[in-house]
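Source file: entry26.cif; contents: mmCIF, C-alpha atoms and all ligand atoms.
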data_entry
loop_
_atom_site.label_atom_id
_atom_site.label_comp_id
_atom_site.auth_asym_id
_atom_site.auth_seq_id
_atom_site.Cartn_x
_atom_site.Cartn_y
_atom_site.Cartn_z
CA MET A 21 -59.82 47.36 -54.46
CA GLU A 22 -61.03 49.89 -51.92
CA LYS A 23 -64.26 51.82 -52.32
CA PHE A 24 -63.79 54.89 -54.61
CA GLU A 25 -60.45 53.56 -55.88
CA LEU A 26 -59.73 53.71 -59.62
CA ASP A 27 -58.46 50.48 -61.12
CA LYS A 28 -54.80 50.27 -62.15
CA ALA A 29 -55.42 50.48 -65.91
CA LEU A 30 -57.60 53.58 -65.56
CA ALA A 31 -55.09 55.28 -63.25
CA GLU A 32 -52.34 54.49 -65.75
CA GLU A 33 -54.42 55.92 -68.62
CA ILE A 34 -54.91 59.19 -66.66
CA ARG A 35 -51.17 59.44 -65.99
CA ALA A 36 -50.35 58.87 -69.65
CA ARG A 37 -52.87 61.45 -70.81
CA VAL A 38 -51.73 64.15 -68.35
CA LEU A 39 -47.98 63.62 -68.53
CA GLY A 40 -47.83 62.76 -72.23
CA GLU A 41 -48.08 64.92 -75.35
CA GLY A 42 -51.27 66.83 -76.11
CA PHE A 43 -52.43 67.33 -72.51
CA MET A 44 -54.83 70.28 -72.22
CA LYS A 45 -56.53 70.24 -68.85
CA ILE A 46 -57.71 68.02 -66.00
CA VAL A 47 -60.49 69.07 -63.62
CA GLN A 48 -61.75 67.06 -60.68
CA SER A 49 -64.67 68.02 -58.43
CA VAL A 50 -65.04 66.10 -55.21
CA ARG A 51 -68.19 66.29 -53.09
CA ARG A 52 -67.79 65.52 -49.45
CA ASN A 53 -70.01 66.40 -46.47
CA GLY A 54 -72.10 68.65 -48.68
CA LYS A 55 -69.03 70.63 -49.79
CA THR A 56 -67.30 70.71 -53.16
CA PHE A 57 -63.56 70.80 -53.61
CA ARG A 58 -62.34 71.46 -57.15
CA ILE A 59 -58.85 71.03 -58.46
CA SER A 60 -57.69 71.73 -61.98
CA MET A 61 -54.34 71.55 -63.69
CA ARG A 62 -53.19 72.75 -67.09
CA PRO A 63 -49.88 73.28 -68.85
CA VAL A 64 -48.49 76.82 -69.05
CA LEU A 65 -45.29 78.36 -70.38
CA ILE A 66 -43.35 80.34 -67.81
CA GLY A 67 -40.15 81.96 -69.03
CA GLY A 68 -40.34 79.69 -72.09
CA GLU A 69 -40.44 76.53 -69.95
CA LYS A 70 -43.36 74.18 -69.64
CA ARG A 71 -44.92 74.12 -66.20
CA PHE A 72 -48.17 72.80 -64.77
CA GLN A 73 -50.49 75.27 -63.14
CA ALA A 74 -52.78 73.85 -60.49
CA GLU A 75 -55.74 75.71 -59.07
CA MET A 76 -57.37 74.47 -55.88
CA ASN A 77 -60.80 75.85 -55.09
CA ASP A 78 -62.05 74.90 -51.65
CA GLU A 79 -65.53 76.39 -51.25
CA GLY A 80 -64.44 79.65 -52.89
CA GLN A 81 -60.98 79.74 -51.29
CA VAL A 82 -58.70 79.67 -54.31
CA ARG A 83 -55.02 78.77 -54.35
CA VAL A 84 -52.90 78.64 -57.48
CA LYS A 85 -49.49 76.96 -57.72
CA ASN A 86 -47.11 76.15 -60.55
CA PHE A 87 -45.22 72.86 -60.66
CA ASP A 88 -42.52 71.27 -62.76
CA ALA A 89 -43.20 67.83 -64.27
CA ASN A 90 -42.21 66.00 -61.07
CA GLY A 91 -44.43 68.17 -58.92
CA ALA A 92 -47.27 67.72 -61.40
CA ALA A 93 -46.84 63.94 -61.30
CA GLU A 94 -47.05 64.01 -57.49
CA GLY A 95 -50.14 66.22 -57.59
CA LEU A 96 -51.72 63.91 -60.11
CA GLU A 97 -51.28 60.97 -57.76
CA GLU A 98 -53.29 62.90 -55.17
CA ILE A 99 -55.99 63.56 -57.72
CA ILE A 100 -56.13 59.89 -58.65
CA ALA A 101 -56.12 58.73 -55.02
CA GLN A 102 -58.86 61.15 -53.94
CA LYS A 103 -61.62 59.55 -51.90
CA GLY A 104 -65.32 60.23 -52.22
CA ALA A 105 -67.85 60.83 -54.96
CA ARG A 106 -66.30 62.86 -57.76
CA ASP A 107 -66.25 63.90 -61.37
CA LEU A 108 -63.06 63.96 -63.36
CA HIS A 109 -62.80 65.52 -66.80
CA LEU A 110 -59.56 65.20 -68.69
CA MET A 111 -58.93 66.91 -72.03
CA THR A 112 -56.17 66.08 -74.45
CA ALA A 113 -55.67 66.96 -78.10
CA SER A 114 -56.83 63.50 -79.09
CA GLY A 115 -60.01 63.42 -77.00
CA ASP A 116 -61.71 63.64 -73.61
CA LEU A 117 -61.98 61.19 -70.73
CA HIS A 118 -64.80 61.44 -68.18
CA VAL A 119 -64.71 59.51 -64.93
CA ARG A 120 -67.58 59.62 -62.49
CA VAL A 121 -67.32 57.98 -59.09
CA THR A 122 -70.72 57.68 -57.47
CA ARG A 123 -71.52 57.91 -53.77
CA LYS A 124 -71.70 54.15 -53.64
CA GLY A 125 -68.20 53.97 -55.12
CA HIS A 126 -69.16 52.82 -58.63
CA VAL A 127 -66.71 54.07 -61.24
CA LEU A 128 -68.30 55.10 -64.55
CA VAL A 129 -65.96 55.86 -67.43
CA SER A 130 -66.68 57.42 -70.81
CA ARG A 131 -64.34 58.42 -73.59
CA SER A 132 -65.04 60.82 -76.42
CA ALA A 133 -64.44 59.83 -80.03
CA GLN A 134 -60.94 60.42 -81.36
CA MET A 135 -60.33 64.15 -81.86
CA ASP A 136 -57.73 66.18 -83.62
CA ARG A 137 -57.40 69.31 -81.51
CA VAL A 138 -54.35 71.51 -81.17
CA ALA A 139 -53.15 71.60 -77.59
CA LYS A 140 -51.87 75.15 -77.22
CA VAL A 141 -49.79 75.79 -74.15
CA GLN A 142 -50.72 79.29 -73.02
CA PRO A 143 -47.68 81.38 -72.28
CA HIS A 144 -48.17 82.73 -68.79
CA ASP A 145 -45.74 85.52 -69.70
CA ARG A 146 -47.19 86.40 -73.09
CA ALA A 147 -46.74 90.13 -72.70
CA LYS A 148 -43.23 90.36 -71.35
CA ASN A 149 -43.16 94.10 -71.08
CA LEU A 150 -46.07 94.13 -68.63
CA PRO A 151 -45.06 94.28 -64.97
CA LEU A 152 -47.66 91.67 -64.02
CA ALA A 153 -46.11 89.30 -66.57
CA ALA A 154 -42.56 89.87 -65.34
CA PHE A 155 -43.02 87.42 -62.47
CA ASP A 156 -45.18 84.42 -61.72
CA SER A 157 -48.34 86.36 -60.96
CA ALA A 158 -50.78 83.47 -61.50
CA ALA A 159 -51.68 83.12 -57.83
CA LEU A 160 -51.99 86.88 -57.33
CA LEU A 161 -54.25 87.31 -60.35
CA SER A 162 -56.41 84.36 -59.42
CA VAL A 163 -56.80 85.19 -55.74
CA THR A 164 -57.66 88.83 -56.48
CA GLY A 165 -60.18 87.66 -59.07
CA ILE A 166 -58.45 89.42 -61.95
CA SER A 167 -58.05 86.11 -63.77
CA ASP A 168 -60.50 83.24 -64.25
CA GLY A 169 -60.05 79.53 -63.58
CA ASP A 170 -58.06 79.16 -66.78
CA GLY A 171 -55.61 81.86 -65.80
CA ARG A 172 -57.00 84.36 -68.30
CA VAL A 173 -57.65 87.97 -67.39
CA ARG A 174 -61.43 88.33 -67.04
CA ALA A 175 -62.94 90.74 -69.54
CA SER A 176 -64.53 92.69 -66.70
CA MET A 177 -61.14 93.05 -64.99
CA ARG A 178 -59.14 94.12 -68.03
CA GLY A 179 -59.31 97.79 -67.02
CA LYS A 180 -58.02 97.08 -63.52
CA TYR A 181 -55.29 94.80 -64.91
CA ASP A 182 -54.13 97.62 -67.21
CA GLN A 183 -54.30 100.23 -64.44
CA VAL A 184 -52.22 98.10 -62.08
CA ASN A 185 -49.66 97.37 -64.81
CA GLU A 186 -49.33 101.03 -65.68
CA PHE A 187 -49.13 102.09 -62.05
CA LEU A 188 -46.35 99.56 -61.43
CA LYS A 189 -44.44 100.91 -64.43
CA VAL A 190 -44.57 104.39 -62.92
CA VAL A 191 -43.43 103.08 -59.53
CA GLU A 192 -40.51 101.30 -61.16
CA ASP A 193 -39.61 104.45 -63.01
CA VAL A 194 -39.87 106.67 -59.94
CA VAL A 195 -38.02 104.38 -57.56
CA GLY A 196 -35.87 102.24 -59.81
CA GLY A 197 -33.56 104.97 -61.02
CA ASN A 198 -32.43 105.74 -57.50
CA GLY A 199 -30.72 102.48 -56.71
CA GLU A 200 -33.30 102.24 -53.95
CA ARG A 201 -33.21 98.49 -54.36
CA GLU A 202 -29.59 98.51 -53.18
CA THR A 203 -30.45 100.14 -49.88
CA GLY A 204 -31.45 96.84 -48.25
CA ASN A 205 -29.10 96.20 -45.35
CA GLY A 206 -31.94 95.32 -43.08
CA LYS A 207 -33.84 98.50 -43.85
CA GLU A 208 -37.43 97.88 -44.76
CA PHE A 209 -39.02 99.72 -47.68
CA THR A 210 -42.44 100.73 -46.40
CA VAL A 211 -45.36 101.65 -48.61
CA VAL A 212 -48.81 102.87 -47.56
CA ASP A 213 -51.63 102.43 -50.07
CA CYS A 214 -54.32 104.97 -49.17
CA GLY A 215 -57.86 103.96 -50.14
CA CYS A 216 -56.61 100.53 -51.15
CA GLY A 217 -60.10 99.13 -51.88
CA LYS A 218 -59.91 95.50 -52.96
CA ALA A 219 -56.11 95.59 -52.79
CA TYR A 220 -55.33 94.74 -56.40
CA LEU A 221 -52.53 97.29 -56.47
CA THR A 222 -51.48 96.81 -52.84
CA LEU A 223 -50.75 93.12 -53.31
CA ALA A 224 -49.34 93.51 -56.81
CA LEU A 225 -46.93 96.18 -55.64
CA TYR A 226 -45.61 93.94 -52.87
CA PHE A 227 -44.84 91.14 -55.32
CA TYR A 228 -43.40 93.52 -57.88
CA LEU A 229 -41.04 95.21 -55.42
CA THR A 230 -39.81 91.91 -53.99
CA GLN A 231 -39.83 89.59 -56.98
CA VAL A 232 -38.99 91.86 -59.89
CA MET A 233 -37.25 94.85 -58.34
CA LYS A 234 -35.61 92.54 -55.78
CA PHE A 235 -36.10 94.79 -52.78
CA PRO A 236 -34.80 92.75 -49.86
CA ALA A 237 -37.44 93.76 -47.32
CA VAL A 238 -40.78 95.32 -48.08
CA ARG A 239 -43.79 96.14 -45.96
CA VAL A 240 -47.02 97.35 -47.55
CA ILE A 241 -49.96 98.68 -45.57
CA GLY A 242 -53.33 99.08 -47.24
CA VAL A 243 -55.75 101.52 -45.60
CA ASP A 244 -59.43 101.82 -46.39
CA ARG A 245 -62.45 102.94 -44.43
CA ARG A 246 -64.55 100.02 -45.66
CA GLU A 247 -64.42 97.08 -43.26
CA ASP A 248 -65.66 94.64 -45.90
CA VAL A 249 -62.90 95.33 -48.43
CA ILE A 250 -60.28 95.27 -45.69
CA SER A 251 -61.35 91.87 -44.38
CA ALA A 252 -61.44 90.52 -47.96
CA ALA A 253 -57.95 91.95 -48.55
CA GLN A 254 -56.66 90.35 -45.33
CA LYS A 255 -57.97 86.99 -46.50
CA MET A 256 -56.27 87.39 -49.86
CA ALA A 257 -52.96 88.25 -48.19
CA GLN A 258 -53.29 85.05 -46.13
CA GLN A 259 -54.08 82.97 -49.21
CA LEU A 260 -50.99 84.39 -50.89
CA ASP A 261 -48.95 83.76 -47.76
CA VAL A 262 -47.84 87.38 -47.39
CA SER A 263 -49.94 88.51 -44.43
CA ASP A 264 -46.82 89.27 -42.36
CA GLN A 265 -45.57 91.71 -44.98
CA VAL A 266 -48.82 93.08 -46.39
CA GLU A 267 -51.21 94.38 -43.77
CA PHE A 268 -54.57 96.05 -44.00
CA VAL A 269 -56.16 98.57 -41.68
CA ALA A 270 -59.83 99.54 -41.72
CA THR A 271 -60.04 103.21 -40.83
CA GLU A 272 -60.67 106.70 -42.11
CA LEU A 273 -57.44 107.82 -43.66
CA SER A 274 -57.32 110.93 -41.49
CA SER A 275 -57.37 108.75 -38.34
CA PHE A 276 -54.72 106.35 -39.58
CA ASP A 277 -51.63 106.48 -37.37
CA ILE A 278 -48.51 104.90 -38.76
CA LYS A 279 -47.16 104.28 -35.25
CA ASN A 280 -50.09 101.99 -34.47
CA ALA A 281 -49.63 100.16 -37.75
CA LEU A 282 -45.93 99.51 -37.11
CA PRO A 283 -45.78 98.93 -33.35
CA ASP A 284 -42.70 96.72 -33.71
CA VAL A 285 -40.69 99.45 -35.45
CA GLN A 286 -38.91 101.93 -33.17
CA LYS A 287 -38.98 104.92 -35.51
CA PRO A 288 -41.65 104.15 -38.08
CA ARG A 289 -41.01 105.77 -41.42
CA VAL A 290 -42.77 105.56 -44.74
CA ASP A 291 -40.83 105.48 -47.98
CA MET A 292 -43.71 105.69 -50.40
CA VAL A 293 -47.35 106.72 -50.28
CA ILE A 294 -49.55 105.61 -53.12
CA SER A 295 -53.20 106.10 -53.93
CA LEU A 296 -55.13 104.89 -56.91
CA HIS A 297 -58.47 106.60 -57.41
CA ALA A 298 -59.04 107.34 -53.74
CA CYS A 299 -62.26 109.31 -53.80
CA ASP A 300 -62.50 113.07 -53.41
CA THR A 301 -60.31 114.57 -50.70
CA ALA A 302 -58.89 111.15 -49.77
CA THR A 303 -56.26 111.86 -52.44
CA ASP A 304 -55.35 115.11 -50.68
CA GLU A 305 -55.31 113.33 -47.34
CA ALA A 306 -52.94 110.69 -48.80
CA MET A 307 -50.62 113.44 -50.03
CA ALA A 308 -50.80 115.25 -46.69
CA LYS A 309 -49.93 112.04 -44.85
CA GLY A 310 -47.04 111.47 -47.24
CA VAL A 311 -45.72 114.95 -46.44
CA GLU A 312 -46.18 114.52 -42.67
CA TRP A 313 -44.53 111.10 -42.62
CA GLY A 314 -41.54 112.43 -44.53
CA SER A 315 -42.20 109.98 -47.32
CA ARG A 316 -39.66 110.20 -50.11
CA TYR A 317 -42.13 109.26 -52.82
CA ILE A 318 -45.78 110.09 -53.39
CA VAL A 319 -47.50 108.48 -56.38
CA SER A 320 -51.16 109.27 -56.72
CA ALA A 321 -53.84 108.91 -59.38
CA PRO A 322 -56.67 111.19 -58.22
CA TYR A 323 -60.34 110.45 -58.64
CA CYS A 324 -63.27 112.82 -58.36
CA GLN A 325 -62.80 116.11 -56.49
CA HIS A 326 -65.75 118.28 -55.61
CA GLU A 327 -64.25 121.04 -53.46
CA LEU A 328 -63.38 123.50 -56.18
CA GLN A 329 -66.63 122.87 -58.03
CA LYS A 330 -68.42 124.22 -54.98
CA ALA A 331 -66.13 127.25 -54.84
CA ILE A 332 -65.98 128.04 -58.55
CA GLY A 333 -69.54 128.71 -59.65
CA PRO A 334 -70.82 129.45 -63.14
CA GLN A 335 -70.29 133.21 -62.52
CA SER A 336 -66.88 133.01 -60.86
CA ASP A 337 -64.89 134.74 -63.55
CA ALA A 338 -66.23 136.77 -66.46
CA SER A 339 -63.30 135.83 -68.71
CA PHE A 340 -64.17 132.16 -68.23
CA ALA A 341 -67.92 132.59 -68.55
CA GLY A 342 -67.97 130.57 -71.79
CA VAL A 343 -66.35 127.63 -69.99
CA LEU A 344 -68.10 127.89 -66.65
CA ARG A 345 -71.55 128.00 -68.22
CA HIS A 346 -71.25 124.34 -69.28
CA GLY A 347 -71.37 121.94 -66.33
CA ILE A 348 -69.10 119.32 -67.87
CA LEU A 349 -66.46 121.86 -68.90
CA ARG A 350 -66.58 123.51 -65.48
CA GLU A 351 -66.17 120.10 -63.85
CA ARG A 352 -63.17 119.21 -66.01
CA MET A 353 -61.58 122.59 -65.49
CA CYS A 354 -61.99 122.24 -61.72
CA ASP A 355 -60.39 118.77 -61.89
CA ILE A 356 -57.43 120.25 -63.76
CA LEU A 357 -57.11 123.14 -61.32
CA THR A 358 -57.33 120.76 -58.34
CA ASP A 359 -54.50 118.62 -59.68
CA ALA A 360 -52.47 121.67 -60.60
CA PHE A 361 -52.83 123.02 -57.05
CA ARG A 362 -51.84 119.64 -55.64
CA ALA A 363 -48.74 119.48 -57.82
CA MET A 364 -47.80 123.06 -56.94
CA ILE A 365 -48.22 122.47 -53.21
CA LEU A 366 -45.97 119.43 -53.38
CA ARG A 367 -43.39 121.47 -55.30
CA ILE A 368 -43.52 124.24 -52.69
CA LEU A 369 -42.93 121.62 -50.01
CA GLY A 370 -39.80 120.33 -51.72
CA PHE A 371 -41.05 117.55 -53.96
CA LYS A 372 -39.96 117.30 -57.58
CA THR A 373 -43.36 116.70 -59.08
CA GLN A 374 -44.61 115.57 -62.45
CA VAL A 375 -48.13 115.21 -63.77
CA VAL A 376 -48.47 112.41 -66.34
CA GLU A 377 -51.10 110.30 -68.06
CA PHE A 378 -50.76 106.75 -66.78
CA VAL A 379 -53.39 104.88 -68.78
CA SER A 380 -54.98 105.65 -72.10
CA PRO A 381 -57.71 108.31 -71.97
CA ASP A 382 -59.82 105.76 -73.89
CA ALA A 383 -59.75 103.50 -70.81
CA THR A 384 -60.77 106.12 -68.23
CA ALA A 385 -61.01 109.87 -68.03
CA ARG A 386 -59.34 109.49 -64.60
CA ASN A 387 -55.98 108.89 -66.16
CA ILE A 388 -53.92 111.64 -64.54
CA LEU A 389 -51.19 110.64 -62.14
CA LEU A 390 -49.00 112.80 -59.90
CA ARG A 391 -45.55 111.46 -59.15
CA ALA A 392 -43.47 113.26 -56.62
CA GLU A 393 -40.06 112.70 -55.08
CA TYR A 394 -38.72 114.69 -52.18
CA GLY A 395 -35.41 116.40 -52.83
CA ALA A 396 -35.84 120.05 -53.85
CA LYS A 397 -35.49 123.13 -51.67
CA PRO A 398 -38.85 123.89 -50.03
CA GLY A 399 -40.41 127.31 -50.43
CA GLN A 400 -38.67 128.40 -53.64
CA ALA A 401 -39.92 131.66 -55.16
CA GLY A 402 -41.00 130.18 -58.53
CA PRO A 403 -43.39 127.49 -57.26
CA VAL A 404 -44.74 129.79 -54.54
CA SER A 405 -45.54 132.64 -56.92
CA ASP A 406 -47.07 130.24 -59.49
CA TYR A 407 -49.29 128.93 -56.75
CA LEU A 408 -50.32 132.29 -55.33
CA ASN A 409 -51.06 133.70 -58.79
CA LEU A 410 -53.39 130.85 -59.70
CA ARG A 411 -55.02 130.64 -56.29
CA ASP A 412 -55.66 134.36 -56.09
CA PHE A 413 -56.96 134.50 -59.64
CA TRP A 414 -59.69 132.03 -58.70
CA HIS A 415 -60.19 133.29 -55.14
CA VAL A 416 -60.12 129.78 -53.74
CA THR A 417 -58.33 127.92 -50.97
CA PRO A 418 -57.55 124.39 -52.10
CA TRP A 419 -58.38 121.67 -49.59
CA LEU A 420 -54.76 120.52 -49.47
CA GLU A 421 -53.58 124.01 -48.53
CA SER A 422 -55.94 124.10 -45.55
CA ARG A 423 -54.91 120.58 -44.58
CA LEU A 424 -51.21 121.42 -44.65
CA ALA A 425 -51.62 125.02 -43.47
CA SER A 426 -49.08 124.85 -40.67
CA ARG A 427 -46.35 123.78 -43.08
CA LEU A 428 -47.40 125.91 -46.02
CA GLU A 429 -48.22 129.22 -44.39
CA PRO A 430 -44.65 130.15 -43.41
CA LEU A 431 -43.50 129.35 -46.96
CA LEU A 432 -46.32 131.29 -48.62
CA ARG A 433 -46.08 134.26 -46.27
CA ARG A 434 -42.59 135.12 -47.43
CA TYR A 435 -43.85 136.06 -50.85
CA ASN A 436 -47.36 137.25 -50.06
C1 LIG A 501 -62.46 103.97 -56.26
S1 LIG A 501 -61.94 102.98 -54.94
C2 LIG A 501 -60.28 102.57 -55.48
C3 LIG A 501 -59.73 101.38 -54.75
C4 LIG A 501 -58.33 100.93 -55.14
N1 LIG A 501 -57.32 101.92 -54.85
C5 LIG A 501 -58.28 100.52 -56.59
O1 LIG A 501 -57.84 101.32 -57.41
O2 LIG A 501 -58.72 99.42 -56.90
C6 LIG A 501 -61.64 104.17 -53.66
C7 LIG A 501 -61.45 103.57 -52.27
O3 LIG A 501 -61.05 104.60 -51.39
C8 LIG A 501 -61.68 104.40 -50.15
N2 LIG A 501 -61.76 105.70 -49.46
C9 LIG A 501 -62.34 106.84 -49.92
N3 LIG A 501 -62.22 107.82 -49.03
C10 LIG A 501 -61.57 107.31 -47.96
C11 LIG A 501 -61.14 107.86 -46.71
N4 LIG A 501 -61.38 109.12 -46.40
N5 LIG A 501 -60.48 107.05 -45.85
C12 LIG A 501 -60.23 105.76 -46.18
N6 LIG A 501 -60.61 105.19 -47.34
C13 LIG A 501 -61.27 105.95 -48.24
C14 LIG A 501 -63.04 103.84 -50.51
O4 LIG A 501 -63.62 103.12 -49.43
C15 LIG A 501 -62.70 102.96 -51.70
O5 LIG A 501 -62.46 101.63 -51.32
#
Please render this file's structure as structure tokens.
Ligand SMILES: C[S@@+](CC[C@H](N)C(=O)[O-])C[C@H]1O[C@@H](n2cnc3c(N)ncnc32)[C@H](O)[C@@H]1O
Amino acid sequence: MEKFELDKALAEEIRARVLGEGFMKIVQSVRRNGKTFRISMRPVLIGGEKRFQAEMNDEGQVRVKNFDANGAAEGLEEIIAQKGARDLHLMTASGDLHVRVTRKGHVLVSRSAQMDRVAKVQPHDRAKNLPLAAFDSAALLSVTGISDGDGRVRASMRGKYDQVNEFLKVVEDVVGGNGERETGNGKEFTVVDCGCGKAYLTLALYFYLTQVMKFPAVRVIGVDRREDVISAAQKMAQQLDVSDQVEFVATELSSFDIKNALPDVQKPRVDMVISLHACDTATDEAMAKGVEWGSRYIVSAPYCQHELQKAIGPQSDASFAGVLRHGILRERMCDILTDAFRAMILRILGFKTQVVEFVSPDATARNILLRAEYGAKPGQAGPVSDYLNLRDFWHVTPWLESRLASRLEPLLRRYN
């Protein structure tokens, strides 16, 4: 027997425990050259079928893959044949097996007393109506850190998990009804995620559009001014093997040029602009870019907005004195006005626009979402007069109006 090798009987016992009834989990940590490589495997139910989910953690680089029984058996052989000092912990309903291989190659084995546990196979797709459960999202959730080593959503990431699910539902609703998925024929569906941060939504949207909505060709570009989140996002895209389709650019949104991001495309066009809690005027900038790029869809959940709070002081309007006196009420009213102005501007520019709640107000007060689809006549009297009435009542110029002045002014002038 070679150094570090497990004897035949022990190897056979491991195979029987993993591939037989009652298997719960196997974890092996190998230490080599001062580094630790950890692999774990557990049974999961995907679409009602039993699969084996393996997670490989190489010094913090995590990869997750699901296998059928044959694939699991092959992977297990690699685990058994691993060289070097290692610890192996194997759990089954009837008890645990510990194997420790020392640096000198001694193999130490211990077995727990007989147990009577219930080996529950966790359904990977427990909540079928959730977008993130409608496809095999194990690798995505693990790599983005939303789930832990056991494939469970981390308590601290529950809010983000819910937000992404709800955002995806809105995207499906906005885009799905249009037969957009049929428009393939070599045409790429391009999405820009403005203020993508750690790319939870950016990556999830790519997988959702391709794997669930079956879009034939999708390109997603995440933009954020923070270099650190962009380089982390690029790494995640590589780990998930989608770096050719999901790209990340570190820049101020206002300096982002779609032509530079798509140098291989002759006439770059954007089909959808999204933003999820992009701070302050970054939401307006995302909307402005969407308008300038001729994007058909704009889906945006705004975050804080301070512009109007500066313009609307406690004394701004005597009729509203009772509201404006209280900081928190003034802040909320300014948030509502900001989003109303945004929605009205998009309507004036020819977008059918809705304002909806996308997550429960219990989860976050930032639960407003604007969904807009191009397709109405720009500059219609109704939206323009609604806008002018509200704007002139408050004597303010919303940031988005200034940003899109060259497009808006001719439309507003007609009725002014
Ligand atoms: C609250 S985080 C949300 C991140 C992500 N969309 C999510 O929901 O997980 C807002 C992100 O927007 C980025 N951001 C804010 N203003 C920006 C700007 N003007 N240009 C580019 N990125 C911006 C920030 O760096 C930050 O990562």
Problem - Surroundings of ligand LIG 501 (chain A) up to 9 Å, based on only C-alpha atoms and all ligand atoms, as a ChimeraX atom specification - result: /A:180,183-184,213-222,243-247,249-250,270-276,294-303,305-306,321,323
Selection export as an mmCIF file, in the coordinates of the input, atoms kept: C-alpha atoms:
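Listing of selection_1.cif after writing:
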data_model
loop_
_atom_site.group_PDB
_atom_site.id
_atom_site.type_symbol
_atom_site.label_atom_id
_atom_site.label_comp_id
_atom_site.auth_asym_id
_atom_site.auth_seq_id
_atom_site.Cartn_x
_atom_site.Cartn_y
_atom_site.Cartn_z
ATOM 1 C CA LYS A 180 -58.020 97.080 -63.520
ATOM 2 C CA GLN A 183 -54.300 100.230 -64.440
ATOM 3 C CA VAL A 184 -52.220 98.100 -62.080
ATOM 4 C CA ASP A 213 -51.630 102.430 -50.070
ATOM 5 C CA CYS A 214 -54.320 104.970 -49.170
ATOM 6 C CA GLY A 215 -57.860 103.960 -50.140
ATOM 7 C CA CYS A 216 -56.610 100.530 -51.150
ATOM 8 C CA GLY A 217 -60.100 99.130 -51.880
ATOM 9 C CA LYS A 218 -59.910 95.500 -52.960
ATOM 10 C CA ALA A 219 -56.110 95.590 -52.790
ATOM 11 C CA TYR A 220 -55.330 94.740 -56.400
ATOM 12 C CA LEU A 221 -52.530 97.290 -56.470
ATOM 13 C CA THR A 222 -51.480 96.810 -52.840
ATOM 14 C CA VAL A 243 -55.750 101.520 -45.600
ATOM 15 C CA ASP A 244 -59.430 101.820 -46.390
ATOM 16 C CA ARG A 245 -62.450 102.940 -44.430
ATOM 17 C CA ARG A 246 -64.550 100.020 -45.660
ATOM 18 C CA GLU A 247 -64.420 97.080 -43.260
ATOM 19 C CA VAL A 249 -62.900 95.330 -48.430
ATOM 20 C CA ILE A 250 -60.280 95.270 -45.690
ATOM 21 C CA ALA A 270 -59.830 99.540 -41.720
ATOM 22 C CA THR A 271 -60.040 103.210 -40.830
ATOM 23 C CA GLU A 272 -60.670 106.700 -42.110
ATOM 24 C CA LEU A 273 -57.440 107.820 -43.660
ATOM 25 C CA SER A 274 -57.320 110.930 -41.490
ATOM 26 C CA SER A 275 -57.370 108.750 -38.340
ATOM 27 C CA PHE A 276 -54.720 106.350 -39.580
ATOM 28 C CA ILE A 294 -49.550 105.610 -53.120
ATOM 29 C CA SER A 295 -53.200 106.100 -53.930
ATOM 30 C CA LEU A 296 -55.130 104.890 -56.910
ATOM 31 C CA HIS A 297 -58.470 106.600 -57.410
ATOM 32 C CA ALA A 298 -59.040 107.340 -53.740
ATOM 33 C CA CYS A 299 -62.260 109.310 -53.800
ATOM 34 C CA ASP A 300 -62.500 113.070 -53.410
ATOM 35 C CA THR A 301 -60.310 114.570 -50.700
ATOM 36 C CA ALA A 302 -58.890 111.150 -49.770
ATOM 37 C CA THR A 303 -56.260 111.860 -52.440
ATOM 38 C CA GLU A 305 -55.310 113.330 -47.340
ATOM 39 C CA ALA A 306 -52.940 110.690 -48.800
ATOM 40 C CA ALA A 321 -53.840 108.910 -59.380
ATOM 41 C CA TYR A 323 -60.340 110.450 -58.640
#
Exercise for the section: For Gly370 of chain A, work out the shell of residues within 8 Å, counting all atoms listed in the file and skipping chain neighbours fewer than 6 positions away, then give it as a list in words. Expected result: Tyr394, Gly395, Ala396, Lys397, Pro398 and Gly399 of chain A
Practice task
Go through A:Arg178, A:Arg83, A:Lys124, A:Arg62 and flag the residue nearest Ala159 of chain A, using all atoms listed in the file for the distances.
Solution key: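 That would be A:Arg83, the residue with the smallest distance to Ala159 of chain A.
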Exercise for the section: Quick one: everything within 9 Å of segment 26-32 of chain A, counting only C-alpha atoms, minus sequence neighbours fewer than 6 positions away in the same chain. Send it as a PyMOL selection string. Expected result: chain A and resi 97+100-101+121+127+129
Handout entry: Shortest interatomic distance to Thr417 of chain A - which of A:Glu327, A:Glu351, A:Glu41, A:Glu393, counting all atoms listed in the file
Key =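 Under the stated criterion, the closest residue is A:Glu327.
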Handout entry: Surrounding residues of Arg427 of chain A excluding itself and chain neighbours under 5 positions, 12 Å, all atoms listed in the file, as a list in words
Key = Ala308, Val311, Glu312, Ile365, Leu366, Ile368, Leu369, Gly370, Pro398, Gly399, Leu420, Glu421, Ser422, Leu432 and Arg433 of chain A
Exercise for the section: Kindly give the distance, in Å, that separates atom CA of Ala36 of chain A and atom CA of Met21 of chain A, rounded to a single decimal. Expected result: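 The value is 21.3 Å.
Pairwise distance (atom CA of Arg120 of chain A, atom CA of Lys85 of chain A) equals 25.5 Å.
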Exercise for the section: Using all atoms listed in the file, find the one residue out of A:Met111, A:Lys372, A:Leu424, A:Ile99 that sits nearest to Lys309 of chain A. Expected result: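 Nearest candidate to Lys309 of chain A out of A:Met111, A:Lys372, A:Leu424, A:Ile99: A:Leu424.
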Handout entry: Polymer residues at most 8 Å from Ile318 of chain A, only C-alpha atoms, same-chain spacing of 6 or more positions, as a PyMOL selection string
Key = chain A and resi 292-294+307+310+390-393
